[in-house]
>>> print(open('work-v7.tsv').read())   # TSV, C-alpha atoms
chain	number	residue	atom	x	y	z
A	17	MET	CA	0.00	0.00	0.00
A	18	SER	CA	1.09	3.52	-0.76
A	19	THR	CA	1.40	5.79	2.25
A	20	THR	CA	0.53	8.87	0.17
A	21	THR	CA	-2.71	10.49	1.32
A	22	ILE	CA	-4.99	11.38	-1.57
A	23	ASP	CA	-6.03	14.95	-0.86
A	24	THR	CA	-6.67	16.30	-4.37
A	25	LEU	CA	-9.96	15.96	-6.22
A	26	ARG	CA	-10.04	16.30	-10.00
A	27	PHE	CA	-13.51	17.18	-11.23
A	28	ALA	CA	-15.16	18.40	-14.43
A	29	THR	CA	-18.19	20.58	-15.10
A	30	ALA	CA	-20.60	20.47	-18.03
A	31	GLY	CA	-23.84	22.25	-18.81
A	32	SER	CA	-25.94	23.36	-21.76
A	33	VAL	CA	-25.94	26.90	-23.13
A	34	ASP	CA	-27.24	29.42	-20.56
A	35	ASP	CA	-27.55	26.84	-17.78
A	36	GLY	CA	-25.22	29.07	-15.75
A	37	LYS	CA	-22.16	26.84	-15.57
A	38	SER	CA	-19.63	29.65	-15.78
A	39	THR	CA	-21.54	31.53	-13.08
A	40	LEU	CA	-21.58	28.40	-10.89
A	41	VAL	CA	-17.83	27.93	-11.24
A	42	GLY	CA	-17.26	31.63	-10.62
A	43	ARG	CA	-19.46	31.50	-7.51
A	44	LEU	CA	-17.60	28.44	-6.27
A	45	LEU	CA	-14.25	30.20	-6.66
A	46	HIS	CA	-15.53	33.51	-5.24
A	47	ASP	CA	-17.33	32.18	-2.18
A	48	SER	CA	-14.52	29.78	-1.32
A	49	LYS	CA	-12.19	32.82	-1.34
A	50	SER	CA	-10.14	31.40	-4.21
A	51	VAL	CA	-10.12	34.58	-6.28
A	52	LEU	CA	-7.23	37.06	-6.17
A	53	THR	CA	-8.10	40.64	-5.31
A	54	ASP	CA	-6.97	42.02	-8.66
A	55	GLN	CA	-9.03	39.40	-10.50
A	56	LEU	CA	-12.15	40.36	-8.58
A	57	GLU	CA	-11.50	44.05	-9.11
A	58	ALA	CA	-11.20	43.48	-12.85
A	59	VAL	CA	-14.49	41.57	-12.92
A	60	GLU	CA	-16.21	44.31	-10.91
A	61	ARG	CA	-14.87	46.94	-13.29
A	62	VAL	CA	-16.01	45.12	-16.44
A	63	SER	CA	-19.41	44.38	-14.88
A	64	ALA	CA	-19.88	48.05	-13.95
A	65	ASP	CA	-18.94	49.11	-17.49
A	66	ARG	CA	-21.71	46.85	-18.75
A	67	GLY	CA	-24.19	48.48	-16.40
A	68	GLN	CA	-24.54	45.47	-14.10
A	69	ASP	CA	-25.33	46.07	-10.43
A	70	SER	CA	-23.21	43.18	-9.15
A	71	PRO	CA	-20.08	41.38	-10.38
A	72	ASP	CA	-20.67	38.93	-13.23
A	73	LEU	CA	-18.86	35.93	-11.75
A	74	ALA	CA	-18.92	34.12	-15.09
A	75	LEU	CA	-16.12	36.45	-16.15
A	76	LEU	CA	-13.84	34.66	-13.69
A	77	THR	CA	-13.97	31.52	-15.82
A	78	ASP	CA	-14.55	32.51	-19.45
A	79	GLY	CA	-10.91	33.23	-20.17
A	80	LEU	CA	-10.80	33.33	-23.95
A	81	ARG	CA	-11.72	36.59	-25.65
A	82	ALA	CA	-14.20	34.77	-27.89
A	83	GLU	CA	-15.81	33.24	-24.80
A	84	ARG	CA	-16.27	36.63	-23.15
A	85	GLU	CA	-17.67	38.19	-26.31
A	86	GLN	CA	-20.09	35.35	-27.10
A	87	GLY	CA	-20.98	34.55	-23.51
A	88	ILE	CA	-20.20	30.86	-23.96
A	89	THR	CA	-17.48	28.42	-22.90
A	90	ILE	CA	-15.47	27.09	-25.86
A	91	ASP	CA	-12.29	25.45	-24.60
A	92	VAL	CA	-11.40	23.33	-21.57
A	93	ALA	CA	-9.96	25.53	-18.83
A	94	TYR	CA	-8.25	24.09	-15.76
A	95	ARG	CA	-8.71	25.94	-12.46
A	96	TYR	CA	-6.74	25.20	-9.32
A	97	PHE	CA	-8.05	26.11	-5.88
A	98	ALA	CA	-8.02	24.79	-2.36
A	99	THR	CA	-9.87	24.84	0.93
A	100	PRO	CA	-8.45	23.85	4.31
A	101	ARG	CA	-9.79	20.34	3.71
A	102	ARG	CA	-8.83	19.53	0.12
A	103	ARG	CA	-7.10	20.72	-3.06
A	104	PHE	CA	-9.05	20.80	-6.31
A	105	ILE	CA	-8.30	20.63	-10.02
A	106	LEU	CA	-11.36	21.77	-11.95
A	107	ALA	CA	-11.78	21.09	-15.68
A	108	ASP	CA	-14.31	23.64	-16.90
A	109	THR	CA	-15.62	22.09	-20.12
A	110	PRO	CA	-17.89	23.42	-22.89
A	111	GLY	CA	-21.52	22.35	-23.10
A	112	HIS	CA	-22.23	22.73	-26.82
A	113	VAL	CA	-22.69	19.56	-28.86
A	114	GLN	CA	-19.90	20.65	-31.21
A	115	TYR	CA	-17.50	20.67	-28.24
A	116	THR	CA	-18.33	17.19	-26.91
A	117	ARG	CA	-14.74	16.17	-27.64
A	118	ASN	CA	-13.59	18.96	-25.29
A	119	MET	CA	-15.74	17.55	-22.50
A	120	VAL	CA	-14.25	14.10	-23.13
A	121	THR	CA	-10.78	15.61	-22.75
A	122	GLY	CA	-11.67	17.36	-19.49
A	123	ALA	CA	-13.56	14.44	-17.95
A	124	SER	CA	-11.12	11.70	-18.98
A	125	THR	CA	-9.05	12.07	-15.79
A	126	ALA	CA	-11.84	13.36	-13.53
A	127	GLU	CA	-13.02	11.55	-10.45
A	128	LEU	CA	-16.23	13.54	-10.35
A	129	ALA	CA	-18.43	15.28	-12.93
A	130	ILE	CA	-20.89	18.08	-12.21
A	131	ILE	CA	-23.72	18.06	-14.76
A	132	LEU	CA	-25.66	21.31	-14.63
A	133	VAL	CA	-29.28	21.78	-15.66
A	134	ASP	CA	-31.52	24.85	-15.69
A	135	ALA	CA	-34.44	24.28	-13.32
A	136	ARG	CA	-36.76	25.98	-15.82
A	137	ASN	CA	-35.81	23.64	-18.67
A	138	GLY	CA	-35.05	20.42	-16.86
A	139	VAL	CA	-33.28	17.53	-18.58
A	140	VAL	CA	-32.56	18.44	-22.22
A	141	GLU	CA	-30.70	16.66	-25.01
A	142	GLN	CA	-27.31	18.03	-23.95
A	143	THR	CA	-27.94	16.87	-20.37
A	144	ARG	CA	-28.44	13.35	-21.68
A	145	ARG	CA	-25.30	13.68	-23.81
A	146	HIS	CA	-23.24	14.86	-20.84
A	147	ALA	CA	-24.53	11.94	-18.78
A	148	ALA	CA	-23.60	9.58	-21.63
A	149	VAL	CA	-20.04	10.96	-21.67
A	150	ALA	CA	-19.76	10.54	-17.89
A	151	ALA	CA	-20.98	6.95	-18.20
A	152	LEU	CA	-18.70	6.27	-21.17
A	153	LEU	CA	-15.64	7.53	-19.30
A	154	ARG	CA	-16.62	5.69	-16.10
A	155	VAL	CA	-16.39	8.87	-14.01
A	156	PRO	CA	-16.72	7.48	-10.46
A	157	ASN	CA	-18.97	10.25	-9.05
A	158	VAL	CA	-21.64	12.39	-10.72
A	159	VAL	CA	-23.41	15.46	-9.28
A	160	LEU	CA	-26.64	16.70	-10.84
A	161	ALA	CA	-26.65	20.42	-10.02
A	162	VAL	CA	-30.14	21.82	-10.63
A	163	ASN	CA	-29.39	25.51	-11.10
A	164	LYS	CA	-31.55	28.67	-11.11
A	165	MET	CA	-33.81	27.38	-8.36
A	166	ASP	CA	-34.50	31.03	-7.50
A	167	LEU	CA	-36.27	31.41	-10.86
A	168	VAL	CA	-38.74	28.62	-10.06
A	169	GLY	CA	-39.55	29.88	-6.58
A	170	TYR	CA	-37.31	27.27	-4.92
A	171	GLU	CA	-40.07	24.74	-5.54
A	172	GLN	CA	-39.29	21.27	-4.22
A	173	GLY	CA	-41.56	19.65	-6.79
A	174	VAL	CA	-39.62	21.12	-9.70
A	175	PHE	CA	-36.37	19.74	-8.30
A	176	GLU	CA	-37.82	16.30	-7.66
A	177	ARG	CA	-39.30	16.01	-11.17
A	178	ILE	CA	-35.92	16.80	-12.73
A	179	VAL	CA	-34.15	14.31	-10.47
A	180	GLU	CA	-36.68	11.60	-11.35
A	181	GLU	CA	-36.28	12.19	-15.08
A	182	PHE	CA	-32.48	12.20	-14.87
A	183	ALA	CA	-32.54	9.03	-12.75
A	184	GLY	CA	-34.40	7.17	-15.51
A	185	HIS	CA	-31.84	8.20	-18.09
A	186	ALA	CA	-28.92	7.42	-15.77
A	187	ALA	CA	-30.26	3.89	-15.29
A	188	GLU	CA	-30.40	3.36	-19.06
A	189	LEU	CA	-26.78	4.49	-19.38
A	190	GLY	CA	-25.54	2.33	-16.53
A	191	LEU	CA	-24.58	5.23	-14.27
A	192	PRO	CA	-24.56	3.48	-10.88
A	193	SER	CA	-25.53	6.56	-8.86
A	194	PHE	CA	-25.57	10.35	-8.78
A	195	THR	CA	-26.00	13.06	-6.17
A	196	PRO	CA	-28.63	15.76	-6.88
A	197	ILE	CA	-28.13	19.24	-5.37
A	198	PRO	CA	-30.50	22.22	-5.89
A	199	VAL	CA	-28.53	25.45	-6.34
A	200	SER	CA	-28.72	29.06	-7.43
A	201	ALA	CA	-25.31	30.08	-8.71
A	202	LEU	CA	-26.37	33.69	-9.18
A	203	VAL	CA	-27.20	34.28	-5.50
A	204	GLY	CA	-25.09	31.50	-3.99
A	205	ASP	CA	-27.72	29.07	-2.71
A	206	ASN	CA	-26.16	25.69	-1.84
A	207	VAL	CA	-22.93	26.42	-3.71
A	208	VAL	CA	-20.53	27.07	-0.83
A	209	ASP	CA	-23.06	27.85	1.90
A	210	ARG	CA	-26.34	26.07	2.52
A	211	SER	CA	-29.43	27.87	1.34
A	212	ALA	CA	-31.95	29.49	3.68
A	213	HIS	CA	-34.55	29.29	0.89
A	214	MET	CA	-34.81	25.49	0.60
A	215	ASP	CA	-35.45	24.08	4.06
A	216	TRP	CA	-36.90	20.99	2.36
A	217	TYR	CA	-33.40	20.04	1.19
A	218	ALA	CA	-31.36	18.29	3.87
A	219	GLY	CA	-28.26	17.45	1.84
A	220	PRO	CA	-24.89	19.21	1.61
A	221	ALA	CA	-23.97	22.34	-0.31
A	222	LEU	CA	-21.91	21.65	-3.43
A	223	LEU	CA	-18.55	22.53	-1.87
A	224	GLU	CA	-19.33	20.41	1.19
A	225	PHE	CA	-19.93	17.44	-1.08
A	226	LEU	CA	-16.74	18.11	-3.05
A	227	GLU	CA	-14.76	18.23	0.19
A	228	ASP	CA	-16.25	15.00	1.56
A	229	VAL	CA	-16.64	12.72	-1.47
A	230	PRO	CA	-14.21	9.79	-1.30
A	231	VAL	CA	-11.40	10.20	-3.80
A	232	GLY	CA	-10.85	7.08	-5.97
A	233	ALA	CA	-9.15	3.86	-5.10
A	234	ASP	CA	-5.43	3.86	-4.42
A	235	PRO	CA	-3.82	2.87	-7.76
A	236	SER	CA	-1.21	0.86	-5.89
A	237	ASP	CA	-3.96	-1.59	-4.80
A	238	ALA	CA	-4.64	-2.64	-8.42
A	239	PRO	CA	-2.72	-5.30	-10.39
A	240	ALA	CA	0.78	-4.16	-11.38
A	241	ARG	CA	1.04	-2.58	-14.83
A	242	PHE	CA	4.35	-1.11	-16.02
A	243	PRO	CA	4.46	0.12	-19.64
A	244	VAL	CA	8.10	0.43	-20.69
A	245	GLN	CA	8.86	3.94	-21.93
A	246	TYR	CA	12.55	3.54	-22.77
A	247	VAL	CA	15.56	1.31	-22.18
A	248	ILE	CA	18.65	2.58	-20.33
A	249	ARG	CA	21.89	0.73	-21.05
A	250	ASP	CA	24.50	0.90	-18.28
A	251	GLY	CA	27.39	-1.21	-19.56
A	252	GLU	CA	26.12	-4.78	-19.65
A	253	VAL	CA	23.10	-3.90	-17.48
A	254	ARG	CA	19.75	-2.79	-18.86
A	255	TRP	CA	17.25	-0.73	-16.92
A	256	TYR	CA	13.65	-0.39	-18.12
A	257	ALA	CA	12.18	3.03	-17.35
A	258	GLY	CA	8.59	4.27	-17.24
A	259	GLN	CA	5.67	5.01	-14.96
A	260	LEU	CA	4.14	2.29	-12.82
A	261	VAL	CA	0.51	3.12	-13.66
A	262	SER	CA	-1.04	0.68	-11.19
A	263	GLY	CA	-0.10	-1.78	-8.49
A	264	SER	CA	3.24	-2.26	-6.79
A	265	LEU	CA	6.48	-4.04	-7.67
A	266	ARG	CA	9.16	-5.39	-5.32
A	267	VAL	CA	12.67	-6.69	-5.73
A	268	GLY	CA	12.29	-10.46	-6.05
A	269	ASP	CA	8.89	-10.36	-7.79
A	270	ARG	CA	8.39	-12.69	-10.73
A	271	VAL	CA	7.18	-10.66	-13.68
A	272	THR	CA	5.92	-11.28	-17.22
A	273	VAL	CA	6.77	-9.20	-20.27
A	274	HIS	CA	3.95	-8.69	-22.79
A	275	PRO	CA	3.37	-9.39	-25.60
A	276	SER	CA	6.30	-11.87	-25.72
A	277	GLY	CA	5.15	-13.73	-22.60
A	278	GLU	CA	8.72	-14.10	-21.30
A	279	SER	CA	9.19	-14.13	-17.54
A	280	SER	CA	11.97	-12.94	-15.27
A	281	GLU	CA	12.64	-11.64	-11.78
A	282	ILE	CA	13.12	-8.04	-10.61
A	283	THR	CA	16.64	-7.64	-9.23
A	284	GLY	CA	16.67	-3.86	-8.88
A	285	ILE	CA	14.36	-0.85	-8.60
A	286	SER	CA	15.49	2.75	-8.98
A	287	VAL	CA	13.25	5.65	-7.90
A	288	LEU	CA	14.62	9.08	-8.81
A	289	GLY	CA	18.12	7.61	-9.02
A	290	THR	CA	17.92	5.93	-5.61
A	291	GLU	CA	17.78	2.16	-5.18
A	292	ALA	CA	14.56	0.95	-3.54
A	293	ASP	CA	13.04	-2.36	-2.48
A	294	VAL	CA	9.52	-1.50	-3.63
A	295	ALA	CA	7.74	0.89	-6.01
A	296	TYR	CA	4.11	2.01	-5.90
A	297	ALA	CA	1.85	3.50	-8.56
A	298	PRO	CA	2.00	6.21	-9.84
A	299	GLN	CA	5.77	6.46	-9.30
A	300	SER	CA	8.16	6.82	-12.25
A	301	VAL	CA	10.82	4.14	-11.84
A	302	SER	CA	13.46	2.01	-13.55
A	303	LEU	CA	13.52	-1.78	-13.27
A	304	ARG	CA	16.40	-4.22	-13.65
A	305	LEU	CA	15.63	-7.85	-14.50
A	306	ALA	CA	17.62	-10.98	-13.71
A	307	ASP	CA	17.71	-12.21	-17.32
A	308	GLN	CA	18.67	-10.56	-20.58
A	309	ARG	CA	15.25	-10.31	-22.18
A	310	ASP	CA	14.27	-8.62	-25.42
A	311	VAL	CA	12.31	-5.79	-23.80
A	312	SER	CA	11.67	-2.52	-25.64
A	313	ARG	CA	9.49	0.56	-25.59
A	314	GLY	CA	5.80	-0.34	-25.67
A	315	ASP	CA	6.17	-3.64	-23.83
A	316	MET	CA	4.12	-4.13	-20.67
A	317	ILE	CA	5.65	-5.66	-17.53
A	318	THR	CA	3.16	-7.20	-15.09
A	319	ALA	CA	3.35	-9.20	-11.88
A	320	GLY	CA	1.04	-11.81	-10.42
A	321	ALA	CA	-1.62	-13.99	-11.98
A	322	ASP	CA	-4.01	-11.16	-12.92
A	323	ALA	CA	-2.51	-10.45	-16.35
A	324	PRO	CA	-4.10	-8.18	-18.97
A	325	ALA	CA	-5.83	-9.65	-21.99
A	326	LEU	CA	-3.55	-10.14	-24.98
A	327	THR	CA	-5.59	-9.42	-28.09
A	328	GLN	CA	-5.52	-8.19	-31.67
A	329	ASP	CA	-9.30	-7.67	-31.82
A	330	VAL	CA	-10.13	-4.48	-29.95
A	331	ARG	CA	-13.76	-3.63	-29.19
A	332	ALA	CA	-14.40	-0.27	-27.60
A	333	SER	CA	-16.68	2.67	-26.97
A	334	VAL	CA	-15.30	5.79	-28.60
A	335	CYS	CA	-15.65	9.54	-29.01
A	336	HIS	CA	-14.47	10.80	-32.38
A	337	LEU	CA	-12.29	13.87	-31.89
A	338	ALA	CA	-11.16	14.89	-35.39
A	339	ASP	CA	-12.86	16.84	-38.14
A	340	ARG	CA	-11.83	14.09	-40.56
A	341	PRO	CA	-14.41	11.24	-40.53
A	342	LEU	CA	-13.48	7.67	-39.55
A	343	ARG	CA	-14.78	4.87	-41.80
A	344	VAL	CA	-14.72	1.09	-41.94
A	345	GLY	CA	-11.57	-0.03	-43.76
A	346	ASP	CA	-9.48	2.95	-42.66
A	347	ARG	CA	-5.89	2.07	-41.84
A	348	VAL	CA	-4.82	3.78	-38.63
A	349	LEU	CA	-2.39	3.62	-35.74
A	350	LEU	CA	-3.53	2.60	-32.26
A	351	ARG	CA	-1.61	4.11	-29.34
A	352	HIS	CA	-2.03	2.28	-26.03
A	353	THR	CA	0.13	3.45	-23.09
A	354	THR	CA	3.64	3.56	-24.64
A	355	ARG	CA	2.88	1.13	-27.47
A	356	THR	CA	1.84	2.15	-31.01
A	357	VAL	CA	0.70	-0.49	-33.52
A	358	LYS	CA	-0.86	-0.51	-36.97
A	359	ALA	CA	-4.59	-1.27	-37.11
A	360	ILE	CA	-7.57	-1.35	-39.43
A	361	VAL	CA	-11.14	-0.28	-38.64
A	362	LYS	CA	-13.25	-3.44	-39.00
A	363	ASP	CA	-16.66	-2.26	-37.78
A	364	LEU	CA	-18.50	0.84	-36.51
A	365	SER	CA	-21.57	-0.99	-35.19
A	366	GLY	CA	-23.63	-0.24	-38.26
A	367	ALA	CA	-22.65	3.41	-38.66
A	368	ALA	CA	-21.36	4.53	-42.04
A	369	GLU	CA	-18.79	6.79	-40.42
A	370	LEU	CA	-17.91	8.68	-37.25
A	371	THR	CA	-17.67	12.46	-37.47
A	372	ALA	CA	-16.42	15.03	-34.96
A	373	ASN	CA	-18.02	14.68	-31.50
A	374	ASP	CA	-19.81	11.40	-32.37
A	375	LEU	CA	-20.09	8.77	-29.65
A	376	GLY	CA	-20.10	5.21	-30.93
A	377	ARG	CA	-18.78	1.67	-30.91
A	378	ILE	CA	-15.78	0.39	-32.85
A	379	THR	CA	-13.94	-2.83	-33.61
A	380	LEU	CA	-10.30	-2.66	-34.68
A	381	ARG	CA	-7.88	-5.37	-35.81
A	382	THR	CA	-4.29	-4.66	-34.80
A	383	ALA	CA	-1.18	-5.89	-36.57
A	384	GLU	CA	0.40	-6.92	-33.26
A	385	PRO	CA	-1.06	-8.09	-29.94
A	386	LEU	CA	-1.86	-5.53	-27.24
A	387	ALA	CA	-1.90	-6.11	-23.47
A	388	LEU	CA	-5.27	-4.48	-22.76
A	389	ASP	CA	-7.41	-4.17	-19.66
A	390	ASP	CA	-11.13	-3.50	-19.74
A	391	TYR	CA	-11.71	0.25	-19.31
A	392	ALA	CA	-14.28	-0.52	-16.61
A	393	VAL	CA	-11.45	-2.10	-14.60
A	394	SER	CA	-8.63	0.33	-15.41
A	395	ARG	CA	-9.06	3.78	-16.95
A	396	ARG	CA	-5.30	3.97	-17.56
A	397	THR	CA	-4.62	0.67	-19.30
A	398	GLY	CA	-8.08	0.33	-20.86
A	399	ALA	CA	-7.85	3.61	-22.81
A	400	PHE	CA	-6.26	4.18	-26.19
A	401	LEU	CA	-6.08	6.69	-29.06
A	402	VAL	CA	-6.63	6.14	-32.76
A	403	ILE	CA	-4.03	8.09	-34.76
A	404	ASP	CA	-3.89	9.20	-38.39
A	405	PRO	CA	-0.73	7.52	-39.80
A	406	ALA	CA	-0.35	10.27	-42.40
A	407	ASP	CA	0.21	13.20	-40.05
A	408	GLY	CA	0.06	11.81	-36.49
A	409	ALA	CA	-3.19	13.65	-35.67
A	410	THR	CA	-5.44	12.16	-32.99
A	411	LEU	CA	-8.66	10.85	-34.54
A	412	THR	CA	-10.56	8.99	-31.83
A	413	ALA	CA	-10.44	8.31	-28.09
A	414	GLY	CA	-11.30	4.71	-27.19
A	415	MET	CA	-12.35	2.87	-24.04
A	416	ALA	CA	-11.80	-0.90	-24.37
A	417	ASP	CA	-14.74	-3.20	-23.71
A	418	LEU	CA	-13.45	-6.75	-23.37
A	419	SER	CA	-16.63	-8.25	-21.88
>>> encode(input="work-v7.tsv", output="structure tokens")
Amino acid sequence: MSTTTIDTLRFATAGSVDDGKSTLVGRLLHDSKSVLTDQLEAVERVSADRGQDSPDLALLTDGLRAEREQGITIDVAYRYFATPRRRFILADTPGHVQYTRNMVTGASTAELAIILVDARNGVVEQTRRHAAVAALLRVPNVVLAVNKMDLVGYEQGVFERIVEEFAGHAAELGLPSFTPIPVSALVGDNVVDRSAHMDWYAGPALLEFLEDVPVGADPSDAPARFPVQYVIRDGEVRWYAGQLVSGSLRVGDRVTVHPSGESSEITGISVLGTEADVAYAPQSVSLRLADQRDVSRGDMITAGADAPALTQDVRASVCHLADRPLRVGDRVLLRHTTRTVKAIVKDLSGAAELTANDLGRITLRTAEPLALDDYAVSRRTGAFLVIDPADGATLTAGMADLS
């Protein structure tokens, strides 16, 4: 077990146009006292110039000029803030359908997703799409933030109807659970402080929940997975360097190298240039093996009986990221951890093609075997990218489904 205490929460936000997501994030930063004085003064000045009576907190988050001018969020923006109880990395993602790929980017490493809805509009198509992305990426925790409760008179019935409708859709998608919170970002109800207007709601404010939600499983508790990034030659000795993405490895452990299937024993571990007896994920380390094996970049070293599946037929859920369509028969590259192999698109589950922001299913045939885990088991070793071999551009993000 790693002794490192997990005290940082990575979370992503998503909401449809005018649901108030930028205002919610701005309120969260403002009321948690995570805004610098000069930033707040600039927002107050711009708001006053526009004739607004109070600061427009959305200006704290819409950083691009085009975002400020259009009043929408376009790109993923990462915000860093902290409270006495936890540090946070916030991926503020766009809500428009044409920016679904941006949400995928922001949510891919998140341990929690906040899906925002306007209490007046309820669950709309983009809400369902955001929930589908959260389910696709196996985000461990989901918050349904029902915003603008002040504009519906803080009515409990409105909140409950939205929660019921979202629950039905979440069940269809396989989202195991979600936490609904009624909020008003504009006035601050249930964002950082609990609201005095909704005594029927007994749950936590949003920040309280973010501070208390358990942060994912310790990666060192999972089966050991060590993708080799490069080989270091020290005279007759070879060290294999990379990041231990899950599990732990000890001197004396019997290990297997994939895809060759050769086995050996760890005789040395180096962490930041210092010899160690054990390494834990997510440390970057170098390993020395007892035997001279043909190990190179892209190979996967594992320990124990719980080995990854070795396959050339890759089935996966995907989000297409590129403007160039993906079609059956396309020859591509598949990049998985540190390994890149040639592949061909065999099937798109009946679709003629995938275009930018499409969510779908894919089957690929690779030229060489890959040591894959199911994405539901490991988000690190179950994910891959489909690459254009002509120019190296990323085409598609994939989540392996080996069931």
>>> atom_distance(input="work-v7.tsv", atom1="atom CA of A:Trp216", atom2="atom CA of A:Ala187")
25.5 Å
>>> atom_distance(input="work-v7.tsv", atom1="atom CA of A:Leu411", atom2="atom CA of A:Asp374")
11.4 Å
>>> residues_around(input="work-v7.tsv", residues="A:Gly258", least_positions_apart="4", cutoff="9 Å", atoms="all atoms listed in the file", output="PyMOL selection string")
chain A and resi 242-246+299-303+354
>>> atom_distance(input="work-v7.tsv", atom1="atom CA of A:Ser193", atom2="atom CA of A:Cys335")
22.6 Å
>>> residues_around(input="work-v7.tsv", residues="A:Arg95", least_positions_apart="6", cutoff="7 Å", atoms="only C-alpha atoms", output="ChimeraX atom specification")
/A:105-107
>>> residues_near_point(input="work-v7.tsv", point="(3.9, 6.6, -9.2)", cutoff="10 Å", atoms="only C-alpha atoms", output="ChimeraX atom specification")
/A:18,235-236,258-264,287,295-301
>>> closest_residue(input="work-v7.tsv", among="A:Gly219, A:Gly184, A:Gly320, A:Gly67", to="A:Val199", atoms="only C-alpha atoms")
A:Gly219
>>> residues_around(input="work-v7.tsv", residues="A:Met165", least_positions_apart="5", cutoff="8 Å", atoms="only C-alpha atoms", output="compact mmCIF listing (two decimals) with C-alpha atoms, in the frame of the given file")
# COMPACT_ATOMS: atom_id res chain seq x y z
CA ALA A 135 -34.44 24.28 -13.32
CA TYR A 170 -37.31 27.27 -4.92
CA GLU A 171 -40.07 24.74 -5.54
CA PRO A 198 -30.50 22.22 -5.89
CA VAL A 199 -28.53 25.45 -6.34
CA SER A 200 -28.72 29.06 -7.43
>>> closest_residue(input="work-v7.tsv", among="A:Ala359, A:Leu128, A:Ala123, A:Ala409", to="A:Pro230", atoms="all atoms listed in the file")
A:Leu128
>>> closest_residue(input="work-v7.tsv", among="A:Gln308, A:Thr195, A:Thr397, A:Thr412", to="A:Leu370", atoms="only C-alpha atoms")
A:Thr412
>>> axis_aligned_box(input="work-v7.tsv", around="stretch 337-353 of chain A", padding_each_side="8 Å", output="JSON")
{"center_x": -7.3, "center_y": 8.4, "center_z": -33.4, "size_x": 30.9, "size_y": 32.9, "size_z": 36.7}
>>> closest_residue(input="work-v7.tsv", among="A:Asn163, A:Thr99, A:Gln142, A:Ser276", to="A:Val41", atoms="only C-alpha atoms")
A:Asn163
>>> decode(input="work-v7.tsv", residues="stretch 127-142 of chain A", atoms="C-alpha atoms", output="JSON list (two decimals), in the first residue's frame")
[["chain", "number", "residue", "atom", "x", "y", "z"],
["A", 127, "GLU", "CA", -13.02, 11.55, -10.45],
["A", 128, "LEU", "CA", -16.23, 13.54, -10.35],
["A", 129, "ALA", "CA", -18.43, 15.28, -12.93],
["A", 130, "ILE", "CA", -20.89, 18.08, -12.21],
["A", 131, "ILE", "CA", -23.72, 18.06, -14.76],
["A", 132, "LEU", "CA", -25.66, 21.31, -14.63],
["A", 133, "VAL", "CA", -29.28, 21.78, -15.66],
["A", 134, "ASP", "CA", -31.52, 24.85, -15.69],
["A", 135, "ALA", "CA", -34.44, 24.28, -13.32],
["A", 136, "ARG", "CA", -36.76, 25.98, -15.82],
["A", 137, "ASN", "CA", -35.81, 23.64, -18.67],
["A", 138, "GLY", "CA", -35.05, 20.42, -16.86],
["A", 139, "VAL", "CA", -33.28, 17.53, -18.58],
["A", 140, "VAL", "CA", -32.56, 18.44, -22.22],
["A", 141, "GLU", "CA", -30.70, 16.66, -25.01],
["A", 142, "GLN", "CA", -27.31, 18.03, -23.95]]
